[in-house]
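Comments concern the structure below.
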Amino acid sequence: MMSDLSEQHILLGISGGIAAYKTPILVRRLVEAGARVQVVMTANAHKFVTATSLQAVSGFPVRDNLWDPAAEASMGHIELARWADQILIAPASASVIARLANGDASDLLSTLCLASPAPISIAPAMNQQMFQHPAVQRNLATLRGDGCRIIGPDSGDQACGDQGPGRMTEPEDLVMALTQQQLATDATSNTPLHGRKVMVTTGPTREAIDPVRYISNHSSGLQGLAIAEAARRAGANVIVIAGPGVPEAHGDIQRVDITTAQQMHDEVHAHLANTDVFIGVAAVADYRPANAAAQKIKRHKQDEMQFTLVQNPDIIGSVAQTGRAKVVVGFAAETNDTLQNARDKRTRKGLDAIVVNDVSDHSIGFNNSDNAVTLIHQQGEVEFARQPKTAIAEKLVAQITDLFAASLVH
């Protein structure tokens, strides 16, 4: 019998679907794991399972009405939203998934999901053709982006006679998934980064030559995004300042999109207050055209073109100078004298640490899923051999946390 859910408050949402007949077993398994369970049913859920059976196994009255006069006399739906440590919706029908993806608060269950800070897990259950429909997949992708965890579905024989993906994950496996969620939460609560503010810049900048052309570089932003995600998993409150073309971040990560180096500089300093760790991964353009043309420059009107470049602001240097971030880590993309150039840059800009990679090696770095870097700090250097950027990010965040743990606890 599992006990990792001991005293956890689990809000179980049940929507209309044949898999709802398994929910009394699910409630019993959650209670056996030590959880306290309150059930919220949609109107259609009552067609597949009774509130009486669910109340019997949970020990709590079942809620199903946003307009329940007795409960709402004291704003009961808000109290219930605050009560929950985790929310599980099982089974989650296509209509409930659509409501959640669109922020529709038209019933008690969807209202609770919007009003609660608790992590939400969703166990889809429906006909295999419905599950594979682009609209359902689009809604699930939206929910993943918002930070919801999608559990399953399983594949196999279905009540309608079809076979394929769409069966609700079995109750024991759902309990295991919630247990893992809680273990992950407990693990991050004990790390030095838990509750700390981490700011990450990532991606390129674009400096306009005219309304059509610009100066930029090959940065994809993937390494910075992976670092932001690793910091989020370590329990940090993460904000990403992202250049053009950077993929979407996790829903729990605050994101600010910019285009130019000046915009990145301004947004960094606008959000710098209370920053514990600043990690400047962005490949910021060092220069920009002094005067961008107001209209597209026509090739046939001149044989050659010259323009003057002026320096962009030194973002990471300016962050270090303010002293507002407890730890400042920079990145350096070099093509020669890689380590020495990075060492000089760390000292010149007053950084706590710098991460360098050799972008002359086209198998790593820009526009690749792999990277190989060296972390340089005052006490030494740590080399990370070629591996996926996600693995690099996890190791860098762990190393930076260990190196500067003393700074983060004060």
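Each chain of the structure tokens is named A, B, ... in the order shown, its residues numbered from 1; ligands are numbered from 1 in display order.
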
For the contact check between segment 295-385 of chain A and segment 191-201 of chain A, emit one row per residue of segment 295-385 of chain A within 10 Å, containing the shortest atom pair and the distance in Å rounded to one decimal, counting only C-alpha atoms, chain then rising number order, as a tab-separated table.
```
residue	atom	partner	partner_atom	distance
A:Ile315	CA	A:Thr201	CA	9.8
A:Ile316	CA	A:Thr201	CA	9.6
A:Ala325	CA	A:Val198	CA	9.2
A:Val327	CA	A:Val198	CA	9.5
A:Val328	CA	A:Met199	CA	9.7
A:Val329	CA	A:Val200	CA	9.6
A:Gly330	CA	A:Thr201	CA	9.8
```

Find the residues near segment 82-88 of chain A: any atom within 12 Å, counting only C-alpha atoms, skip ones fewer than 2 places away on the same chain, and give them as a short mmCIF file (atom, residue, chain, number, x, y, z; two decimals) with C-alpha atoms, in the first residue's frame.
```
data_model
loop_
_atom_site.label_atom_id
_atom_site.label_comp_id
_atom_site.auth_asym_id
_atom_site.auth_seq_id
_atom_site.Cartn_x
_atom_site.Cartn_y
_atom_site.Cartn_z
CA LEU A 5 -0.07 10.71 -0.87
CA SER A 6 -0.48 10.87 2.89
CA GLU A 7 -2.71 13.81 3.82
CA GLN A 8 -2.72 15.03 0.22
CA HIS A 9 -5.94 16.80 -0.75
CA ILE A 10 -7.01 15.37 -4.11
CA LEU A 11 -9.86 16.97 -6.01
CA LEU A 12 -11.22 14.35 -8.44
CA GLY A 13 -13.23 15.68 -11.36
CA ILE A 14 -15.42 13.15 -13.14
CA SER A 15 -16.92 13.88 -16.55
CA THR A 23 -14.01 6.02 -10.42
CA LEU A 26 -10.00 5.09 -8.17
CA VAL A 27 -11.26 6.95 -5.09
CA LEU A 30 -6.39 7.17 -3.53
CA ALA A 35 -5.12 10.93 0.34
CA ARG A 36 -8.26 12.83 1.26
CA VAL A 37 -10.51 12.92 -1.79
CA GLN A 38 -13.35 15.24 -2.71
CA VAL A 39 -15.30 14.51 -5.89
CA VAL A 40 -16.78 16.98 -8.35
CA MET A 41 -19.07 15.59 -11.06
CA MET A 75 -18.13 30.93 -1.72
CA GLY A 76 -17.67 27.17 -1.47
CA HIS A 77 -16.15 26.75 -4.92
CA ILE A 78 -13.28 29.08 -3.98
CA GLU A 79 -12.73 27.24 -0.70
CA LEU A 80 -12.68 23.94 -2.58
CA ALA A 90 -10.65 11.21 -14.79
CA PRO A 91 -12.27 10.43 -17.09
CA ALA A 92 -11.76 13.66 -19.06
CA LEU A 109 -15.42 21.64 -12.40
CA SER A 110 -14.04 24.07 -14.98
CA LEU A 112 -12.45 25.12 -9.89
CA CYS A 113 -9.64 24.41 -12.36
CA LEU A 114 -9.36 28.10 -13.20
CA ALA A 115 -9.57 29.19 -9.56
CA SER A 116 -7.03 26.74 -8.12
CA PRO A 117 -3.21 27.03 -8.10
CA ALA A 118 -2.96 23.25 -7.70
CA PRO A 119 -1.30 21.18 -10.46
CA ILE A 120 -3.85 19.61 -12.80
CA SER A 121 -3.62 16.10 -14.25
CA ILE A 122 -5.98 15.05 -17.03
CA ALA A 123 -6.80 11.46 -17.98
CA PRO A 124 -8.54 11.53 -21.39
CA CYS A 148 -1.35 20.52 -17.24
CA ARG A 149 -0.15 16.92 -17.10
CA ILE A 150 -1.80 14.54 -19.58
CA ILE A 151 -1.92 10.95 -18.32
CA PRO A 171 -6.93 3.56 -11.40
CA LEU A 174 -3.40 7.09 -12.03
CA VAL A 175 -2.56 6.83 -8.32
CA ALA A 177 1.13 9.20 -11.51
CA LEU A 178 -0.19 11.45 -8.72
CA THR A 179 2.34 9.93 -6.32
CA GLN A 180 5.17 10.73 -8.73
CA GLN A 181 3.84 14.27 -9.10
CA GLN A 182 3.96 14.73 -5.34
CA THR A 185 7.11 18.56 -5.83
#
```

Which of segment 75-153 of chain A fall in helix (DSSP H, G or I), as a PyMOL selection string: chain A and resi 76-83+94-101+108-115+128-132+134-145

Give me a file of those residues, with C-alpha atoms, as a PDB file, in the first residue's frame.
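Just written: selection_18.pdb:
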```pdb
ATOM      1  CA  GLY A  76     -17.672  27.167  -1.466  1.00  0.00           C
ATOM      2  CA  HIS A  77     -16.150  26.746  -4.922  1.00  0.00           C
ATOM      3  CA  ILE A  78     -13.277  29.078  -3.977  1.00  0.00           C
ATOM      4  CA  GLU A  79     -12.728  27.237  -0.703  1.00  0.00           C
ATOM      5  CA  LEU A  80     -12.677  23.939  -2.582  1.00  0.00           C
ATOM      6  CA  ALA A  81     -10.200  25.349  -5.114  1.00  0.00           C
ATOM      7  CA  ARG A  82      -7.905  26.404  -2.265  1.00  0.00           C
ATOM      8  CA  TRP A  83      -8.339  23.065  -0.487  1.00  0.00           C
ATOM      9  CA  ALA A  94     -13.558  15.736 -25.192  1.00  0.00           C
ATOM     10  CA  SER A  95     -16.016  18.436 -24.099  1.00  0.00           C
ATOM     11  CA  VAL A  96     -14.352  18.963 -20.700  1.00  0.00           C
ATOM     12  CA  ILE A  97     -10.930  19.094 -22.367  1.00  0.00           C
ATOM     13  CA  ALA A  98     -12.261  21.727 -24.779  1.00  0.00           C
ATOM     14  CA  ARG A  99     -13.713  23.828 -21.947  1.00  0.00           C
ATOM     15  CA  LEU A 100     -10.474  23.750 -19.989  1.00  0.00           C
ATOM     16  CA  ALA A 101      -8.355  24.577 -23.050  1.00  0.00           C
ATOM     17  CA  LEU A 108     -18.288  23.856 -11.222  1.00  0.00           C
ATOM     18  CA  LEU A 109     -15.416  21.637 -12.398  1.00  0.00           C
ATOM     19  CA  SER A 110     -14.037  24.070 -14.981  1.00  0.00           C
ATOM     20  CA  THR A 111     -14.441  26.976 -12.554  1.00  0.00           C
ATOM     21  CA  LEU A 112     -12.446  25.119  -9.891  1.00  0.00           C
ATOM     22  CA  CYS A 113      -9.636  24.415 -12.360  1.00  0.00           C
ATOM     23  CA  LEU A 114      -9.356  28.103 -13.196  1.00  0.00           C
ATOM     24  CA  ALA A 115      -9.575  29.186  -9.556  1.00  0.00           C
ATOM     25  CA  GLN A 128     -10.313   6.415 -30.474  1.00  0.00           C
ATOM     26  CA  GLN A 129     -11.426   8.472 -33.475  1.00  0.00           C
ATOM     27  CA  MET A 130     -12.482  11.335 -31.217  1.00  0.00           C
ATOM     28  CA  PHE A 131      -9.179  11.210 -29.368  1.00  0.00           C
ATOM     29  CA  GLN A 132      -7.202  11.414 -32.609  1.00  0.00           C
ATOM     30  CA  PRO A 134      -7.132  17.373 -34.670  1.00  0.00           C
ATOM     31  CA  ALA A 135      -9.365  19.536 -32.483  1.00  0.00           C
ATOM     32  CA  VAL A 136      -8.899  17.257 -29.459  1.00  0.00           C
ATOM     33  CA  GLN A 137      -5.150  17.007 -30.050  1.00  0.00           C
ATOM     34  CA  ARG A 138      -4.969  20.789 -30.405  1.00  0.00           C
ATOM     35  CA  ASN A 139      -6.788  21.260 -27.096  1.00  0.00           C
ATOM     36  CA  LEU A 140      -4.520  18.757 -25.343  1.00  0.00           C
ATOM     37  CA  ALA A 141      -1.464  20.574 -26.717  1.00  0.00           C
ATOM     38  CA  THR A 142      -2.863  23.825 -25.329  1.00  0.00           C
ATOM     39  CA  LEU A 143      -3.347  22.263 -21.908  1.00  0.00           C
ATOM     40  CA  ARG A 144       0.192  20.850 -21.929  1.00  0.00           C
ATOM     41  CA  GLY A 145       1.466  24.317 -22.772  1.00  0.00           C
TER      42      GLY A 145
END
```

Of the listed residues A:Ile297, A:Leu375, A:Ala273, A:Ala398, that which approaches Pro211 of chain A most closely, counting only C-alpha atoms: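 Of A:Ile297, A:Leu375, A:Ala273, A:Ala398, the one nearest Pro211 of chain A is A:Ile297, counting only C-alpha atoms.
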
Residue nearest Asn312 of chain A - candidates A:Arg348, A:Glu207, A:His133, A:Gly224, atoms counted: only C-alpha atoms: A:Glu207

DSSP-assigned strand (DSSP E) members of segment 263-367 of chain A, reported as a PyMOL selection string: chain A and resi 277-280+287-289+309-311+327-334+353-358

Non-local contacts of segment 387-391 of chain A (10 Å; only C-alpha atoms; under 2 positions in same chain excluded) as a list in words: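 Residues meeting the cut-off are Leu222, Gln223, Gly224, Leu225, Ala226, Ile227, Glu229, Ala230, Ile364, Gly365, Asn368, Ser369, Asp370, Asn371, Ala372, Val373, Phe384, Ala385, Ala393, Glu394, Lys395 and Leu396 of chain A.
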
What does the file look like for those residues with C-alpha atoms, as a JSON list (two decimals), in the first residue's frame?
```
[["chain", "number", "residue", "atom", "x", "y", "z"],
["A", 222, "LEU", "CA", 16.86, 26.00, -27.60],
["A", 223, "GLN", "CA", 19.72, 25.95, -25.08],
["A", 224, "GLY", "CA", 18.33, 28.89, -23.13],
["A", 225, "LEU", "CA", 14.86, 27.41, -23.20],
["A", 226, "ALA", "CA", 16.21, 24.10, -21.89],
["A", 227, "ILE", "CA", 17.98, 25.93, -19.06],
["A", 229, "GLU", "CA", 12.89, 24.49, -18.07],
["A", 230, "ALA", "CA", 15.58, 22.86, -15.91],
["A", 364, "ILE", "CA", 26.88, 21.44, -31.83],
["A", 365, "GLY", "CA", 25.51, 24.79, -30.70],
["A", 368, "ASN", "CA", 21.50, 21.73, -33.25],
["A", 369, "SER", "CA", 19.88, 19.57, -30.58],
["A", 370, "ASP", "CA", 23.31, 18.76, -29.07],
["A", 371, "ASN", "CA", 25.89, 20.95, -27.40],
["A", 372, "ALA", "CA", 29.29, 20.70, -25.67],
["A", 373, "VAL", "CA", 30.26, 23.43, -23.22],
["A", 384, "PHE", "CA", 30.49, 18.93, -20.37],
["A", 385, "ALA", "CA", 31.05, 16.64, -23.37],
["A", 393, "ALA", "CA", 20.82, 22.32, -19.16],
["A", 394, "GLU", "CA", 20.07, 19.96, -16.26],
["A", 395, "LYS", "CA", 23.77, 19.62, -15.42],
["A", 396, "LEU", "CA", 24.49, 23.33, -15.75]]
```

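One distance worth recording is that between atom CA of Ile215 of chain A and atom CA of Asp314 of chain A, which is 17.0 Å.
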
Contacts of segment 404-407 of chain A at 9 Å (only C-alpha atoms; same-chain gap of 2+ positions) as a PyMOL selection string: chain A and resi 192-193+276+326-327+352+399-402+409-410
